[in-house]
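What follows is a single structure, written as structure tokens, with notes after it.
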Protein chains: 2
Amino acid sequence: MKKIAVILAGAGYLDGAEITETTSTLIHLSKEGADYQVFAPNVDLKVVDHMTGKETGETRNVLSESARISRGNVQDLNELNPNNFDAVVMPGGYGVAKNLSTFAYEGPSGKINPKLNEVLNSFFEQSKPIGAICISPAVVSQALGDKNPVLTIGNDTDTAQAIEKLGGTHEECVVTDYISDRENKILSTPAYMYDAKPHEVFEGIGKLVKELVEMA
Amino acid sequence: MKKIAVILAGAGYLDGAEITETTSTLIHLSKEGADYQVFAPNVDLKVVDHMTGKETGETRNVLSESARISRGNVQDLNELNPNNFDAVVMPGGYGVAKNLSTFAYEGPSGKINPKLNEVLNSFFEQSKPIGAICISPAVVSQALGDKNPVLTIGNDTDTAQAIEKLGGTHEECVVTDYISDRENKILSTPAYMYDAKPHEVFEGIGKLVKELVEMA
């Protein structure tokens, strides 16, 4: 049974992991017969009210909030040892660019969480596949842009330019499909980078997860 | 296009709506070509830390937390007019039995939210289908037990007995299937009443949603 690490950044697309993208990932991993373990950073997030879209001034713990999606199955990102897994996948949501990176605030000159950087480089060096959903390809580029990965962010020009600035090559892709960089074993799908419907996001992620598990 | 009301009770299975059940519902509604609107009660929930399973002493607003799953698409349950919808569906999670009812604390002698009671009775009287996932059949029984609905809660003896005490008839059902009471137009599936895998929950809910939309 393939073992897949899933990295989350909270629960809610404005300050954490995008929830439909995350459950779509877990449903497809489960359907493909893979074993998975969820990880999240033990840091605080700035709460955004998902009705108003505004910060409330509160903070919440990213590890604890991520556990809401995975029903308690979550470990500290610092415990993630890539030697024990066959692949890694990162759902999207602003939390990826806020809580695992400063990309949301500083663009391509922002910093990536050092542990995440180490983990992504380790999976890459061991030739184990990396799946990146929605905004995650931008953060993957912060870690692995120097390997010139081919990635998609859908058709968002600004983020595509940021990826290219970090060394990646951007390819446009529709929400129901994904891009496979087989040389680097990096897979990406745009998901809610588009104003998409839930079943379209589910379909694109399903295709990515299927190849990720086969490749792992 | 069929219009379906979805009633949520937060975001997280220990104090709100079960997240995989909710996104599975929305993905299948979207796949079946239905239009949906999410509703939640404008009340506070008692926060449970999903890593420890313990109450933290904090409160959060159920409406605002529900918006995390539906990307901001949520309205106050008080605004729900059954005349404007063809069907209603309730995903599960402890929040249903805590924030929309006192069933979690008081069992079959507990109280249901008066607006939810009114809404469920109105859908029933208009012969519009009602979908109930996981623990929701217990709360539906609080509203409609006197109609003797046939419902499933999986194979949980205590909750099945509570449903029967409220006037319903319980039928066992596996996680990947659902029970259809075609006379009363009430559909139910056990989902995470079992220690199930995400893709199994997704499958059972998919079958329920398919008939719900056809029947609507």
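By convention here, the chains of the structure tokens are called A, B, ... in the order presented, each chain's residues are numbered starting at 1, and ligands are numbered starting at 1 in the order presented.
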
(Q) I'd like the neighbourhood of Gly93 of chain A as a list in words, where a residue qualifies if any of its atoms comes within 10 Å (using only C-alpha atoms), though same-chain residues fewer than 4 positions away should be ignored. (A) Leu8, Ala9, Gly10, Ala11, Gly12, Tyr13, Leu14, Asp15, Gly16, Ala17, Glu18, Ile19, Thr20, Glu21, Thr22, Ala97, Lys98, Ile133, Cys134, Ile135, Ser136, Ala191, Tyr192 and Met193 of chain A

For Lys111 of chain A, list every protein, DNA or RNA residue within 10 Å, evaluated using only C-alpha atoms, and leave out those in the same chain fewer than 6 positions away; present the list as a JSON list (two decimals) with C-alpha atoms, in the first residue's frame.
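Result file follows (part-v3.json):
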```json
[["chain", "number", "residue", "atom", "x", "y", "z"],
["A", 97, "ALA", "CA", 0.40, 31.08, 0.78],
["A", 100, "LEU", "CA", 3.27, 27.82, 4.96],
["A", 101, "SER", "CA", 4.84, 30.70, 3.06],
["A", 102, "THR", "CA", 4.67, 34.49, 2.81],
["A", 103, "PHE", "CA", 3.77, 34.26, -0.89],
["A", 105, "TYR", "CA", 1.93, 38.96, 1.10],
["A", 117, "ASN", "CA", 11.23, 23.64, 1.93],
["A", 139, "VAL", "CA", 4.83, 27.59, -3.04],
["A", 142, "GLN", "CA", 9.62, 28.67, -3.94],
["A", 143, "ALA", "CA", 11.24, 25.34, -2.96]]
```

Q. Mind listing as a ChimeraX atom specification which residues of chain A are within 6 Å of chain B, counting only C-alpha atoms?
A. /A:12,19-20,23,27,30-31,50-51,64,67-69,72,198-199

Q. Skipping near chain neighbours, those fewer than 6 positions away, what residues fall within 12 Å of Val89 of chain A using only C-alpha atoms, listed as a ChimeraX atom specification?
A. /A:3-8,21-22,24-26,28-29,36-39,82,116,119-120,123,128-134,136-137,140,185-189,205,208-213,216

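Across A:Thr176, A:Asn99, A:Asn148, A:Gln126, the tightest approach to Asn113 of chain A is made by A:Asn99 when counting only C-alpha atoms.
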
(Q) Could you pull out the helix (DSSP H, G or I) residues of segment 123-209 of chain A, going by DSSP on the backbone, and write them as a ChimeraX atom specification? (A) /A:123-125,136-147,157-165,191-193,198-209
